[in-house]
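For reference, entry-v3.cif (mmCIF, C-alpha atoms and all ligand atoms):
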data_upload
#
loop_
_atom_site.label_atom_id
_atom_site.label_comp_id
_atom_site.auth_asym_id
_atom_site.auth_seq_id
_atom_site.Cartn_x
_atom_site.Cartn_y
_atom_site.Cartn_z
CA MET N 15 -17.71 18.58 16.78
CA GLN N 16 -19.25 16.36 19.51
CA ASN N 17 -22.58 16.48 17.72
CA LEU N 18 -20.98 15.22 14.49
CA ILE N 19 -19.13 12.46 16.29
CA GLU N 20 -22.40 11.26 17.83
CA LYS N 21 -24.10 11.41 14.43
CA SER N 22 -21.29 9.38 12.92
CA LYS N 23 -21.69 6.74 15.64
CA LYS N 24 -25.45 6.71 15.12
CA TYR N 25 -25.46 6.33 11.35
CA LYS N 26 -22.21 4.60 10.36
CA MET N 27 -21.45 0.94 10.93
CA ASN N 28 -19.02 0.29 13.69
CA THR N 29 -16.11 -0.94 11.55
CA TYR N 30 -13.49 1.74 12.31
CA ALA N 31 -11.83 2.77 15.58
CA SER N 32 -11.70 6.39 14.36
CA PHE N 33 -10.21 9.24 16.37
CA ASP N 34 -12.67 11.98 17.40
CA ILE N 35 -11.45 14.38 14.72
CA VAL N 36 -13.57 15.71 11.86
CA LEU N 37 -11.31 16.86 9.06
CA GLU N 38 -12.36 19.58 6.68
CA SER N 39 -9.49 20.61 4.43
CA GLY N 40 -5.87 20.08 3.58
CA ASN N 41 -2.98 21.96 2.05
CA GLY N 42 0.48 20.57 1.32
CA SER N 43 1.22 18.19 4.20
CA THR N 44 -1.15 19.88 6.66
CA LEU N 45 -4.74 18.99 7.46
CA LYS N 46 -7.28 21.17 9.24
CA ASP N 47 -10.27 20.02 11.30
CA ILE N 48 -13.64 21.75 11.50
CA ASN N 49 -12.47 23.76 14.55
CA GLY N 50 -9.51 25.13 12.61
CA LYS N 51 -6.93 22.99 14.44
CA GLU N 52 -4.03 22.08 12.16
CA TYR N 53 -2.26 18.71 12.00
CA LEU N 54 1.01 17.90 10.33
CA ASP N 55 0.18 14.73 8.44
CA PHE N 56 2.55 11.76 8.67
CA VAL N 57 -0.21 9.32 7.72
CA SER N 58 -1.26 10.56 4.24
CA GLY N 59 -4.59 8.74 4.45
CA ILE N 60 -2.48 5.60 5.07
CA ALA N 61 0.06 6.06 2.27
CA VAL N 62 -2.51 7.44 -0.17
CA ASN N 63 -2.08 11.22 -0.42
CA SER N 64 1.50 10.99 -1.65
CA LEU N 65 1.39 14.45 -3.21
CA GLY N 66 -0.28 15.92 -0.15
CA TYR N 67 -3.41 18.03 -0.33
CA GLY N 68 -4.56 20.67 -2.80
CA GLN N 69 -2.01 19.57 -5.42
CA THR N 70 -2.75 21.80 -8.41
CA ASP N 71 -2.18 19.25 -11.18
CA ILE N 72 -4.48 16.68 -9.57
CA LEU N 73 -7.16 19.32 -9.00
CA LYS N 74 -6.90 20.52 -12.62
CA ALA N 75 -7.16 16.95 -13.90
CA LEU N 76 -10.21 16.25 -11.73
CA VAL N 77 -12.07 19.46 -12.45
CA GLY N 78 -11.29 19.30 -16.18
CA GLN N 79 -12.41 15.69 -16.45
CA ALA N 80 -15.50 16.20 -14.25
CA CYS N 81 -16.70 18.83 -16.74
CA MET N 82 -16.21 16.41 -19.65
CA LEU N 83 -17.18 12.90 -18.51
CA THR N 84 -17.20 11.27 -15.08
CA HIS N 85 -18.10 7.69 -16.02
CA CYS N 86 -18.86 5.67 -19.11
CA SER N 87 -18.48 1.95 -18.19
CA ASN N 88 -16.20 -0.62 -19.80
CA LEU N 89 -18.68 -1.09 -22.61
CA TYR N 90 -16.68 1.77 -24.15
CA LEU N 91 -13.12 3.08 -23.99
CA ASN N 92 -12.05 6.43 -22.58
CA LEU N 93 -8.95 8.55 -23.16
CA ASN N 94 -7.64 8.59 -19.59
CA GLU N 95 -7.71 4.83 -18.99
CA ILE N 96 -5.79 4.26 -22.22
CA GLU N 97 -3.19 6.90 -21.33
CA LEU N 98 -2.83 5.58 -17.77
CA ALA N 99 -2.50 1.98 -18.98
CA GLU N 100 0.28 3.08 -21.35
CA LYS N 101 2.11 5.03 -18.62
CA LEU N 102 1.98 2.14 -16.14
CA VAL N 103 3.08 -0.46 -18.65
CA GLU N 104 5.83 1.67 -20.22
CA ASN N 105 7.27 2.45 -16.79
CA SER N 106 7.21 -1.12 -15.47
CA CYS N 107 8.19 -4.65 -16.48
CA PHE N 108 4.55 -5.57 -17.20
CA ASP N 109 2.58 -5.77 -20.45
CA LYS N 110 -1.06 -5.33 -19.46
CA VAL N 111 -3.15 -3.69 -16.75
CA PHE N 112 -6.60 -4.25 -15.27
CA PHE N 113 -8.17 -1.29 -13.45
CA CYS N 114 -10.35 -1.48 -10.33
CA ASN N 115 -11.09 0.73 -7.34
CA SER N 116 -9.10 -0.38 -4.31
CA GLY N 117 -6.24 -2.48 -3.03
CA THR N 118 -8.30 -5.45 -2.02
CA GLU N 119 -9.91 -5.57 -5.46
CA SER N 120 -6.52 -5.50 -7.14
CA VAL N 121 -5.54 -8.51 -5.01
CA GLU N 122 -8.79 -10.31 -5.90
CA ALA N 123 -7.99 -9.73 -9.57
CA ALA N 124 -4.47 -11.11 -9.06
CA ILE N 125 -5.79 -14.21 -7.28
CA LYS N 126 -8.29 -14.88 -10.05
CA LEU N 127 -5.69 -14.36 -12.77
CA ALA N 128 -3.22 -16.69 -11.01
CA LYS N 129 -5.90 -19.38 -10.63
CA LYS N 130 -6.97 -19.08 -14.25
CA TYR N 131 -3.32 -19.35 -15.30
CA GLY N 132 -2.87 -22.41 -13.06
CA LYS N 133 -5.89 -24.13 -14.55
CA THR N 134 -5.37 -23.26 -18.19
CA GLN N 135 -1.58 -23.10 -18.55
CA LYS N 136 -0.47 -25.63 -15.97
CA ASN N 137 -3.45 -27.98 -15.97
CA ILE N 138 -3.87 -27.79 -12.21
CA ASP N 139 -7.48 -28.69 -11.27
CA THR N 140 -7.41 -26.92 -7.92
CA PRO N 141 -4.61 -24.31 -8.04
CA GLU N 142 -3.15 -23.23 -4.71
CA ILE N 143 -1.46 -20.01 -3.62
CA ILE N 144 1.24 -19.40 -1.02
CA SER N 145 1.18 -16.20 1.02
CA MET N 146 3.20 -15.03 4.00
CA LYS N 147 2.42 -15.09 7.68
CA GLN N 148 1.93 -11.56 9.10
CA SER N 149 1.00 -10.31 5.63
CA PHE N 150 -1.88 -7.98 4.76
CA HIS N 151 -3.66 -8.04 1.42
CA GLY N 152 -7.15 -6.65 2.10
CA ARG N 153 -10.55 -7.39 3.58
CA THR N 154 -12.61 -9.03 0.83
CA LEU N 155 -12.72 -12.78 1.18
CA GLY N 156 -10.02 -13.73 -1.32
CA ALA N 157 -7.60 -11.03 -0.15
CA LEU N 158 -8.48 -11.83 3.46
CA THR N 159 -7.59 -15.47 2.88
CA ALA N 160 -4.24 -14.33 1.50
CA THR N 161 -3.76 -12.18 4.62
CA GLY N 162 -1.75 -14.41 6.95
CA GLN N 163 -3.05 -13.02 10.23
CA ASP N 164 -5.52 -14.83 12.41
CA LYS N 165 -6.81 -11.61 13.99
CA TYR N 166 -8.30 -10.50 10.66
CA GLN N 167 -9.48 -13.95 9.56
CA SER N 168 -10.90 -15.77 12.56
CA SER N 169 -14.40 -14.19 12.61
CA PHE N 170 -14.96 -14.87 8.93
CA THR N 171 -14.18 -18.54 8.40
CA PRO N 172 -14.62 -20.56 6.30
CA LEU N 173 -12.36 -18.65 3.93
CA LEU N 174 -11.17 -19.77 0.48
CA SER N 175 -9.51 -23.14 0.28
CA GLY N 176 -6.11 -23.60 -1.36
CA PHE N 177 -4.00 -21.06 0.54
CA ASN N 178 -0.82 -22.05 2.40
CA TYR N 179 1.24 -19.76 4.60
CA ALA N 180 5.02 -19.46 4.75
CA GLU N 181 7.32 -17.57 7.13
CA PHE N 182 8.29 -14.16 5.72
CA ASN N 183 12.03 -13.88 4.96
CA ASN N 184 12.45 -17.66 5.33
CA ILE N 185 13.07 -19.34 2.01
CA GLU N 186 13.15 -22.85 3.52
CA SER N 187 9.64 -22.28 4.84
CA VAL N 188 8.43 -21.38 1.33
CA LYS N 189 10.24 -24.37 -0.20
CA SER N 190 8.69 -26.72 2.33
CA ILE N 191 5.10 -25.87 1.33
CA ILE N 192 5.46 -25.61 -2.45
CA ASN N 193 3.64 -28.54 -4.04
CA GLU N 194 2.49 -29.58 -7.50
CA LYS N 195 -0.72 -27.52 -7.12
CA THR N 196 1.07 -24.26 -6.25
CA CYS N 197 0.32 -21.72 -8.98
CA ALA N 198 1.52 -18.51 -7.29
CA VAL N 199 3.24 -16.87 -4.35
CA ILE N 200 1.90 -13.50 -3.17
CA ILE N 201 4.08 -11.23 -1.05
CA GLU N 202 4.58 -7.64 0.09
CA ILE N 203 8.10 -6.24 -0.35
CA ILE N 204 7.66 -4.43 2.95
CA GLN N 205 5.00 -5.95 5.20
CA GLY N 206 3.02 -2.80 5.97
CA GLU N 207 0.20 -3.64 8.35
CA GLY N 208 2.40 -6.47 9.67
CA GLY N 209 4.81 -3.94 11.25
CA ILE N 210 6.89 -2.33 8.44
CA LEU N 211 9.10 -5.35 7.89
CA PRO N 212 11.19 -5.15 4.72
CA ALA N 213 11.98 -8.37 2.85
CA THR N 214 15.66 -9.22 2.70
CA THR N 215 17.36 -9.09 -0.69
CA ASP N 216 18.46 -12.73 -0.47
CA PHE N 217 14.93 -13.87 0.30
CA ILE N 218 13.33 -12.01 -2.61
CA LYS N 219 16.04 -13.05 -5.05
CA GLU N 220 15.82 -16.72 -4.02
CA LEU N 221 12.04 -16.57 -4.09
CA ARG N 222 12.18 -15.27 -7.65
CA GLU N 223 14.63 -17.99 -8.67
CA ILE N 224 12.60 -20.81 -7.17
CA THR N 225 9.28 -19.56 -8.55
CA GLN N 226 10.82 -19.09 -11.99
CA ASP N 227 12.37 -22.59 -11.96
CA LYS N 228 9.06 -24.17 -10.99
CA HIS N 229 6.89 -21.98 -13.27
CA ILE N 230 5.09 -20.56 -10.25
CA LEU N 231 3.86 -16.98 -10.54
CA LEU N 232 5.33 -14.30 -8.29
CA ILE N 233 2.72 -11.72 -7.29
CA ILE N 234 4.10 -8.63 -5.56
CA ASP N 235 1.48 -6.67 -3.64
CA GLU N 236 2.61 -3.05 -4.00
CA VAL N 237 -0.67 -1.53 -2.81
CA GLN N 238 1.18 0.28 -0.03
CA THR N 239 4.76 0.34 -1.33
CA GLY N 240 4.07 1.31 -4.96
CA ILE N 241 4.06 4.70 -6.73
CA GLY N 242 7.22 6.15 -5.27
CA ARG N 243 6.62 5.41 -1.59
CA THR N 244 9.99 3.64 -1.17
CA GLY N 245 12.03 5.99 -3.36
CA LYS N 246 11.54 4.04 -6.58
CA LEU N 247 8.35 3.79 -8.63
CA PHE N 248 7.86 0.21 -7.34
CA ALA N 249 9.54 -1.30 -4.28
CA HIS N 250 10.51 -4.52 -6.09
CA GLN N 251 12.83 -2.43 -8.28
CA HIS N 252 15.18 -2.10 -5.28
CA TYR N 253 15.71 -5.87 -5.46
CA GLY N 254 16.56 -6.26 -9.15
CA ILE N 255 13.78 -8.76 -9.84
CA GLU N 256 10.74 -8.80 -12.11
CA PRO N 257 7.48 -10.18 -10.70
CA ASP N 258 4.84 -11.72 -12.98
CA ILE N 259 1.92 -9.85 -11.42
CA MET N 260 1.78 -6.65 -9.34
CA THR N 261 -1.07 -5.00 -7.45
CA LEU N 262 -1.40 -1.24 -6.91
CA ALA N 263 -3.86 1.16 -5.26
CA LYS N 264 -3.34 3.69 -2.43
CA GLY N 265 -0.82 6.22 -3.85
CA LEU N 266 -1.87 5.70 -7.46
CA GLY N 267 -4.79 8.15 -7.45
CA GLY N 268 -3.28 10.69 -5.03
CA GLY N 269 -6.45 10.51 -2.90
CA VAL N 270 -8.93 9.41 -5.55
CA PRO N 271 -10.00 5.74 -5.30
CA ILE N 272 -8.32 3.55 -7.91
CA GLY N 273 -6.62 0.15 -7.99
CA ALA N 274 -4.71 -1.69 -10.69
CA MET N 275 -3.40 -5.18 -11.33
CA LEU N 276 -0.56 -5.52 -13.82
CA ALA N 277 0.81 -8.68 -15.39
CA LYS N 278 3.21 -9.95 -18.01
CA ASP N 279 1.60 -11.09 -21.25
CA PHE N 280 2.19 -14.81 -20.68
CA VAL N 281 -0.02 -14.57 -17.57
CA ALA N 282 -2.38 -11.77 -18.64
CA ASN N 283 -3.34 -13.79 -21.72
CA SER N 284 -5.06 -16.32 -19.45
CA PHE N 285 -7.95 -13.87 -18.96
CA ILE N 286 -10.50 -13.70 -21.74
CA ALA N 287 -13.40 -11.25 -22.11
CA GLY N 288 -15.95 -11.92 -19.39
CA ASP N 289 -13.50 -13.49 -16.91
CA HIS N 290 -13.23 -10.43 -14.71
CA ALA N 291 -14.76 -6.96 -14.50
CA SER N 292 -15.43 -3.92 -12.35
CA THR N 293 -18.13 -1.36 -13.16
CA PHE N 294 -15.98 1.59 -12.11
CA GLY N 295 -12.64 0.14 -13.27
CA GLY N 296 -10.84 2.56 -15.61
CA ASN N 297 -13.12 5.39 -14.55
CA PRO N 298 -11.97 8.54 -16.42
CA LEU N 299 -12.01 10.74 -13.30
CA ALA N 300 -9.86 8.38 -11.24
CA CYS N 301 -7.53 7.63 -14.17
CA GLY N 302 -7.14 11.38 -14.81
CA ALA N 303 -5.97 11.89 -11.23
CA ALA N 304 -3.57 8.94 -11.51
CA ILE N 305 -2.04 10.35 -14.70
CA ALA N 306 -1.38 13.64 -12.86
CA VAL N 307 0.20 11.71 -9.96
CA LEU N 308 2.48 9.68 -12.25
CA ASP N 309 3.53 12.75 -14.24
CA LYS N 310 4.65 14.44 -11.04
CA ILE N 311 6.30 11.38 -9.51
CA LEU N 312 8.17 10.50 -12.69
CA SER N 313 9.51 14.04 -13.06
CA ASP N 314 13.24 14.78 -12.62
CA CYS N 315 14.76 14.29 -9.17
CA PHE N 316 11.47 13.31 -7.48
CA PHE N 317 12.77 9.95 -6.28
CA ASP N 318 16.11 11.47 -5.21
CA GLU N 319 14.20 13.89 -3.02
CA VAL N 320 12.07 11.10 -1.53
CA LYS N 321 15.23 9.14 -0.70
CA ALA N 322 16.99 12.20 0.77
CA LYS N 323 14.00 13.10 2.94
CA GLY N 324 13.56 9.48 4.02
CA HIS N 325 17.22 9.28 4.96
CA TYR N 326 16.86 12.50 6.94
CA LEU N 327 13.75 11.22 8.74
CA LYS N 328 15.52 8.01 9.67
CA GLU N 329 18.57 9.90 10.97
CA ARG N 330 16.38 12.22 13.04
CA LEU N 331 14.46 9.27 14.52
CA LEU N 332 17.72 7.48 15.38
CA GLU N 333 19.07 10.66 17.00
CA LEU N 334 16.22 10.45 19.50
CA ASN N 335 18.28 7.58 20.87
CA ILE N 336 15.36 5.80 22.49
CA GLU N 337 16.39 2.56 24.16
CA ASN N 338 15.18 -0.72 22.66
CA THR N 339 13.76 0.79 19.50
CA GLU N 340 14.40 -0.17 15.90
CA VAL N 341 13.80 2.00 12.83
CA ARG N 342 13.06 0.04 9.62
CA GLY N 343 11.94 0.87 6.11
CA MET N 344 12.83 2.55 2.84
CA GLY N 345 12.11 5.82 1.06
CA LEU N 346 9.37 7.52 3.07
CA MET N 347 7.92 4.36 4.60
CA PHE N 348 9.35 3.76 8.06
CA GLY N 349 8.37 1.90 11.16
CA MET N 350 9.77 2.55 14.63
CA GLU N 351 9.36 -0.46 16.86
CA PHE N 352 9.14 0.09 20.60
CA SER N 353 9.21 -2.53 23.34
CA PHE N 354 5.71 -1.48 24.46
CA PRO N 355 2.36 -0.47 22.86
CA VAL N 356 2.58 2.85 21.01
CA LYS N 357 -1.08 3.93 21.17
CA PRO N 358 -0.50 6.46 24.01
CA ILE N 359 2.39 8.04 22.06
CA ILE N 360 0.26 8.35 18.94
CA GLU N 361 -2.61 9.88 20.92
CA LYS N 362 -0.30 12.43 22.53
CA CYS N 363 1.20 13.35 19.13
CA ILE N 364 -2.26 13.86 17.67
CA GLU N 365 -3.16 16.10 20.61
CA ASN N 366 -0.04 18.13 19.82
CA GLY N 367 -0.82 18.43 16.11
CA LEU N 368 0.96 15.49 14.48
CA LEU N 369 -0.96 12.66 12.80
CA LEU N 370 0.73 9.27 13.15
CA ILE N 371 -0.49 5.71 12.74
CA GLY N 372 0.57 2.34 14.16
CA ALA N 373 1.48 -0.84 12.29
CA GLY N 374 0.74 -3.50 14.87
CA ALA N 375 0.71 -2.74 18.60
CA ASN N 376 4.35 -1.72 19.11
CA VAL N 377 5.24 0.04 15.86
CA ILE N 378 4.72 3.67 14.86
CA ARG N 379 4.46 4.00 11.09
CA PHE N 380 5.74 7.10 9.26
CA VAL N 381 4.22 7.51 5.80
CA PRO N 382 4.09 11.28 5.19
CA PRO N 383 3.22 12.80 1.82
CA LEU N 384 6.20 12.32 -0.49
CA ILE N 385 6.33 16.12 -0.85
CA ILE N 386 7.04 16.60 2.87
CA GLU N 387 9.59 19.36 3.58
CA PHE N 388 12.76 18.90 5.67
CA GLU N 389 11.48 21.50 8.19
CA GLU N 390 8.25 19.53 8.53
CA ILE N 391 10.26 16.41 9.31
CA ASP N 392 12.05 18.39 12.04
CA LYS N 393 8.72 19.59 13.40
CA ALA N 394 7.27 16.07 13.44
CA VAL N 395 10.29 14.61 15.24
CA ASP N 396 10.16 17.45 17.79
CA ILE N 397 6.47 16.73 18.49
CA LEU N 398 7.24 13.02 18.83
CA GLN N 399 10.11 13.75 21.21
CA SER N 400 7.90 15.97 23.43
CA ALA N 401 5.17 13.33 23.39
CA LEU N 402 7.66 10.70 24.56
CA LEU N 403 8.74 12.94 27.44
CA GLU N 404 5.13 13.81 28.35
CA ILE N 405 3.93 10.20 28.59
CA LYS N 406 6.93 9.00 30.62
N1 LIG Y 501 -2.52 -4.81 0.15
C1 LIG Y 501 -1.71 -4.11 0.97
C2 LIG Y 501 -0.24 -4.41 0.97
C3 LIG Y 501 -2.23 -3.13 1.83
O1 LIG Y 501 -1.42 -2.48 2.65
C4 LIG Y 501 -3.63 -2.89 1.80
C5 LIG Y 501 -4.22 -1.90 2.71
O2 LIG Y 501 -3.66 -1.47 3.67
C6 LIG Y 501 -4.43 -3.63 0.92
C7 LIG Y 501 -3.84 -4.58 0.10
C8 LIG Y 501 -5.91 -3.40 0.84
O3 LIG Y 501 -6.14 -2.16 0.25
P1 LIG Y 501 -7.59 -1.47 0.35
O4 LIG Y 501 -7.76 -1.03 1.77
O5 LIG Y 501 -7.51 -0.32 -0.62
O6 LIG Y 501 -8.59 -2.47 -0.05
#

Using the file provided, produce a representation of the structure as structure tokens.
Amino acid sequence: MQNLIEKSKKYKMNTYASFDIVLESGNGSTLKDINGKEYLDFVSGIAVNSLGYGQTDILKALVGQACMLTHCSNLYLNLNEIELAEKLVENSCFDKVFFCNSGTESVEAAIKLAKKYGKTQKNIDTPEIISMKQSFHGRTLGALTATGQDKYQSSFTPLLSGFNYAEFNNIESVKSIINEKTCAVIIEIIQGEGGILPATTDFIKELREITQDKHILLIIDEVQTGIGRTGKLFAHQHYGIEPDIMTLAKGLGGGVPIGAMLAKDFVANSFIAGDHASTFGGNPLACGAAIAVLDKILSDCFFDEVKAKGHYLKERLLELNIENTEVRGMGLMFGMEFSFPVKPIIEKCIENGLLLIGAGANVIRFVPPLIIEFEEIDKAVDILQSALLEIK
């Protein structure tokens, strides 16, 4: 293992603070490293492997498609991208989809579409976008500009012009920075990297009203919250609103890289052929995996089970009765905020066979596969409890 870790340090760029674990295989909600040590996974590749590991339908879709056609470019159509586009549109409030490969790319596509709409439909010469402080939208320069956190931005200035930042969950703050150039507001329903902070219902409803009144687009970034993570297909559905644009990635491909940007026709029509593209977008292999994921997630009772397991996880975390902590979230996306940095707790849990991840310095994030079992939730909470006692 040590040898591999050194090789990784020698040959890979130093962009990740990875743990010294080399993973080899996975089954259900359990991962195994190259020494055979098993880990119960409450990270899911950061809310990606929603159906866990070794899921038969995803494997069948991948193997079957790999034998037929792995790539063909957008010069031509392929069966899987058409079927996936239909499934996403028919199960959402949107009319059209654009496929790409990651979350940040889906946000780039949304930014470009919003700007094109601003220029062509609203005659704004230099369209501006409002995003939220403490948000996270990705690492490419457009998405990074939308990300309202100095720690991610400061080394890479100058960023894009035309972005303004409002306080999350503060409608007056949004109102105060809307101006005649504002073409869109981009927001996460639950700020993920920002600390698992859910938007309040009043805030989202008022935001939708104001943006609708002023013909400003509402872009909901569901890269982390989408595809069943919160107990509904999309997190905005908990709030009874319809955005104009939505971004997806992470859970969509069940572990295979894919992103998507969806929009209503009145916005989507702003793009014409040649405006935007991605070589791998709509790739038949990735779309095949996503179809298998959606079929499973949209099957009977799936969301009820996610909600029941999420409720159980929350109850078990609250039962730990740890002073000065708060448990926040929805479905199977929770954050537990402590009054001190959680890194030592996470390290101890990993040592004891439970993978966890932070969301900011003081928050432990729980994003297990959506197929997690009740007994596995018990096991995870037991490991967390022992870790808390051990580090005291
Ligand atoms: N948007 C949100 C809400 C995210 O949580 C993330 C990643 O964590 C991204 C965008 C960027 O996604 P990716 O890492 O696939 O580029």

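For the pair CA of Gly245 in chain N and CA of Ile378 in chain N, the separation is 19.8 Å.
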
Legend entry - One-decimal distance in Å that lies between CA of Gly209 in chain N and CA of Ala373 in chain N: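 Taking CA of Ala373 in chain N as the start and CA of Gly209 in chain N as the end point, the length is 4.7 Å.
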
Legend entry - Pairwise distance for CA of Ile359 in chain N and CA of Ala401 in chain N, rounded to one decimal in Å: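 Straight-line distance from CA of Ile359 in chain N to CA of Ala401 in chain N works out to 6.1 Å.
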
Would you list the residues near (14.8, -1.4, -4.8) (no more than 12 Å away, in the coordinates of the file, using all atoms listed in the file) as a PDB file with C-alpha atoms, keeping the file's coordinate frame?
ATOM      1  CA  ILE N 203       8.100  -6.240  -0.350  1.00  0.00           C
ATOM      2  CA  ILE N 204       7.660  -4.430   2.950  1.00  0.00           C
ATOM      3  CA  PRO N 212      11.190  -5.150   4.720  1.00  0.00           C
ATOM      4  CA  ALA N 213      11.980  -8.370   2.850  1.00  0.00           C
ATOM      5  CA  THR N 214      15.660  -9.220   2.700  1.00  0.00           C
ATOM      6  CA  THR N 215      17.360  -9.090  -0.690  1.00  0.00           C
ATOM      7  CA  ILE N 218      13.330 -12.010  -2.610  1.00  0.00           C
ATOM      8  CA  LYS N 219      16.040 -13.050  -5.050  1.00  0.00           C
ATOM      9  CA  THR N 239       4.760   0.340  -1.330  1.00  0.00           C
ATOM     10  CA  GLY N 240       4.070   1.310  -4.960  1.00  0.00           C
ATOM     11  CA  GLY N 242       7.220   6.150  -5.270  1.00  0.00           C
ATOM     12  CA  ARG N 243       6.620   5.410  -1.590  1.00  0.00           C
ATOM     13  CA  THR N 244       9.990   3.640  -1.170  1.00  0.00           C
ATOM     14  CA  GLY N 245      12.030   5.990  -3.360  1.00  0.00           C
ATOM     15  CA  LYS N 246      11.540   4.040  -6.580  1.00  0.00           C
ATOM     16  CA  LEU N 247       8.350   3.790  -8.630  1.00  0.00           C
ATOM     17  CA  PHE N 248       7.860   0.210  -7.340  1.00  0.00           C
ATOM     18  CA  ALA N 249       9.540  -1.300  -4.280  1.00  0.00           C
ATOM     19  CA  HIS N 250      10.510  -4.520  -6.090  1.00  0.00           C
ATOM     20  CA  GLN N 251      12.830  -2.430  -8.280  1.00  0.00           C
ATOM     21  CA  HIS N 252      15.180  -2.100  -5.280  1.00  0.00           C
ATOM     22  CA  TYR N 253      15.710  -5.870  -5.460  1.00  0.00           C
ATOM     23  CA  GLY N 254      16.560  -6.260  -9.150  1.00  0.00           C
ATOM     24  CA  ILE N 255      13.780  -8.760  -9.840  1.00  0.00           C
ATOM     25  CA  GLU N 256      10.740  -8.800 -12.110  1.00  0.00           C
ATOM     26  CA  PHE N 317      12.770   9.950  -6.280  1.00  0.00           C
ATOM     27  CA  LYS N 321      15.230   9.140  -0.700  1.00  0.00           C
ATOM     28  CA  GLY N 343      11.940   0.870   6.110  1.00  0.00           C
ATOM     29  CA  MET N 344      12.830   2.550   2.840  1.00  0.00           C
ATOM     30  CA  GLY N 345      12.110   5.820   1.060  1.00  0.00           C
TER      31      GLY N 345
END

Inset, instruction - Kindly provide, as a ChimeraX atom specification, all nucleotide and amino acid residues lying within 9 Å of ligand LIG 501 (chain Y), counting all atoms listed in the file. - result: /N:60-61,115-121,149-154,157,161,201-208,234-239,261-264,271-273

Resulting file, chosen residues, C-alpha atoms, as an mmCIF file, in the coordinates of the input:
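File produced: out-v2.cif:
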data_model
loop_
_atom_site.group_PDB
_atom_site.id
_atom_site.type_symbol
_atom_site.label_atom_id
_atom_site.label_comp_id
_atom_site.auth_asym_id
_atom_site.auth_seq_id
_atom_site.Cartn_x
_atom_site.Cartn_y
_atom_site.Cartn_z
ATOM 1 C CA ILE N 60 -2.480 5.600 5.070
ATOM 2 C CA ALA N 61 0.060 6.060 2.270
ATOM 3 C CA ASN N 115 -11.090 0.730 -7.340
ATOM 4 C CA SER N 116 -9.100 -0.380 -4.310
ATOM 5 C CA GLY N 117 -6.240 -2.480 -3.030
ATOM 6 C CA THR N 118 -8.300 -5.450 -2.020
ATOM 7 C CA GLU N 119 -9.910 -5.570 -5.460
ATOM 8 C CA SER N 120 -6.520 -5.500 -7.140
ATOM 9 C CA VAL N 121 -5.540 -8.510 -5.010
ATOM 10 C CA SER N 149 1.000 -10.310 5.630
ATOM 11 C CA PHE N 150 -1.880 -7.980 4.760
ATOM 12 C CA HIS N 151 -3.660 -8.040 1.420
ATOM 13 C CA GLY N 152 -7.150 -6.650 2.100
ATOM 14 C CA ARG N 153 -10.550 -7.390 3.580
ATOM 15 C CA THR N 154 -12.610 -9.030 0.830
ATOM 16 C CA ALA N 157 -7.600 -11.030 -0.150
ATOM 17 C CA THR N 161 -3.760 -12.180 4.620
ATOM 18 C CA ILE N 201 4.080 -11.230 -1.050
ATOM 19 C CA GLU N 202 4.580 -7.640 0.090
ATOM 20 C CA ILE N 203 8.100 -6.240 -0.350
ATOM 21 C CA ILE N 204 7.660 -4.430 2.950
ATOM 22 C CA GLN N 205 5.000 -5.950 5.200
ATOM 23 C CA GLY N 206 3.020 -2.800 5.970
ATOM 24 C CA GLU N 207 0.200 -3.640 8.350
ATOM 25 C CA GLY N 208 2.400 -6.470 9.670
ATOM 26 C CA ILE N 234 4.100 -8.630 -5.560
ATOM 27 C CA ASP N 235 1.480 -6.670 -3.640
ATOM 28 C CA GLU N 236 2.610 -3.050 -4.000
ATOM 29 C CA VAL N 237 -0.670 -1.530 -2.810
ATOM 30 C CA GLN N 238 1.180 0.280 -0.030
ATOM 31 C CA THR N 239 4.760 0.340 -1.330
ATOM 32 C CA THR N 261 -1.070 -5.000 -7.450
ATOM 33 C CA LEU N 262 -1.400 -1.240 -6.910
ATOM 34 C CA ALA N 263 -3.860 1.160 -5.260
ATOM 35 C CA LYS N 264 -3.340 3.690 -2.430
ATOM 36 C CA PRO N 271 -10.000 5.740 -5.300
ATOM 37 C CA ILE N 272 -8.320 3.550 -7.910
ATOM 38 C CA GLY N 273 -6.620 0.150 -7.990
#

Legend entry - Residue contacts of Lys195 in chain N (10 Å, all atoms listed in the file) excluding same-chain residues fewer than 3 positions away, as a ChimeraX atom specification: /N:132-133,136-143,176,192,198,230

Legend entry - Near-Ala303 in chain N list (9 Å; only C-alpha atoms; drop same-chain fewer than 3 positions) as a ChimeraX atom specification: /N:71-76,266-270,298-300,306-308

Inset, instruction - Write out as number ranges by chain the residues lying within 9 Å of Pro383 in chain N, counting all atoms listed in the file and excluding same-chain residues fewer than 5 positions away. - result: N: 42-43, 55-58, 61-67, 243, 346

Inset, instruction - Identify the residues around (-16.9, 11.5, -14.4) within a radius of 10 Å, measuring from all atoms listed in the file in the coordinates stated by the file, and give them as a PyMOL selection string. - result: chain N and resi 76-86+297-300+302

May I have the residues from that selection written out with C-alpha atoms, as a tab-separated table (two decimals), in the frame of the given file?
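Writing done, so here's again.tsv:
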chain	number	residue	atom	x	y	z
N	76	LEU	CA	-10.21	16.25	-11.73
N	77	VAL	CA	-12.07	19.46	-12.45
N	78	GLY	CA	-11.29	19.30	-16.18
N	79	GLN	CA	-12.41	15.69	-16.45
N	80	ALA	CA	-15.50	16.20	-14.25
N	81	CYS	CA	-16.70	18.83	-16.74
N	82	MET	CA	-16.21	16.41	-19.65
N	83	LEU	CA	-17.18	12.90	-18.51
N	84	THR	CA	-17.20	11.27	-15.08
N	85	HIS	CA	-18.10	7.69	-16.02
N	86	CYS	CA	-18.86	5.67	-19.11
N	297	ASN	CA	-13.12	5.39	-14.55
N	298	PRO	CA	-11.97	8.54	-16.42
N	299	LEU	CA	-12.01	10.74	-13.30
N	300	ALA	CA	-9.86	8.38	-11.24
N	302	GLY	CA	-7.14	11.38	-14.81
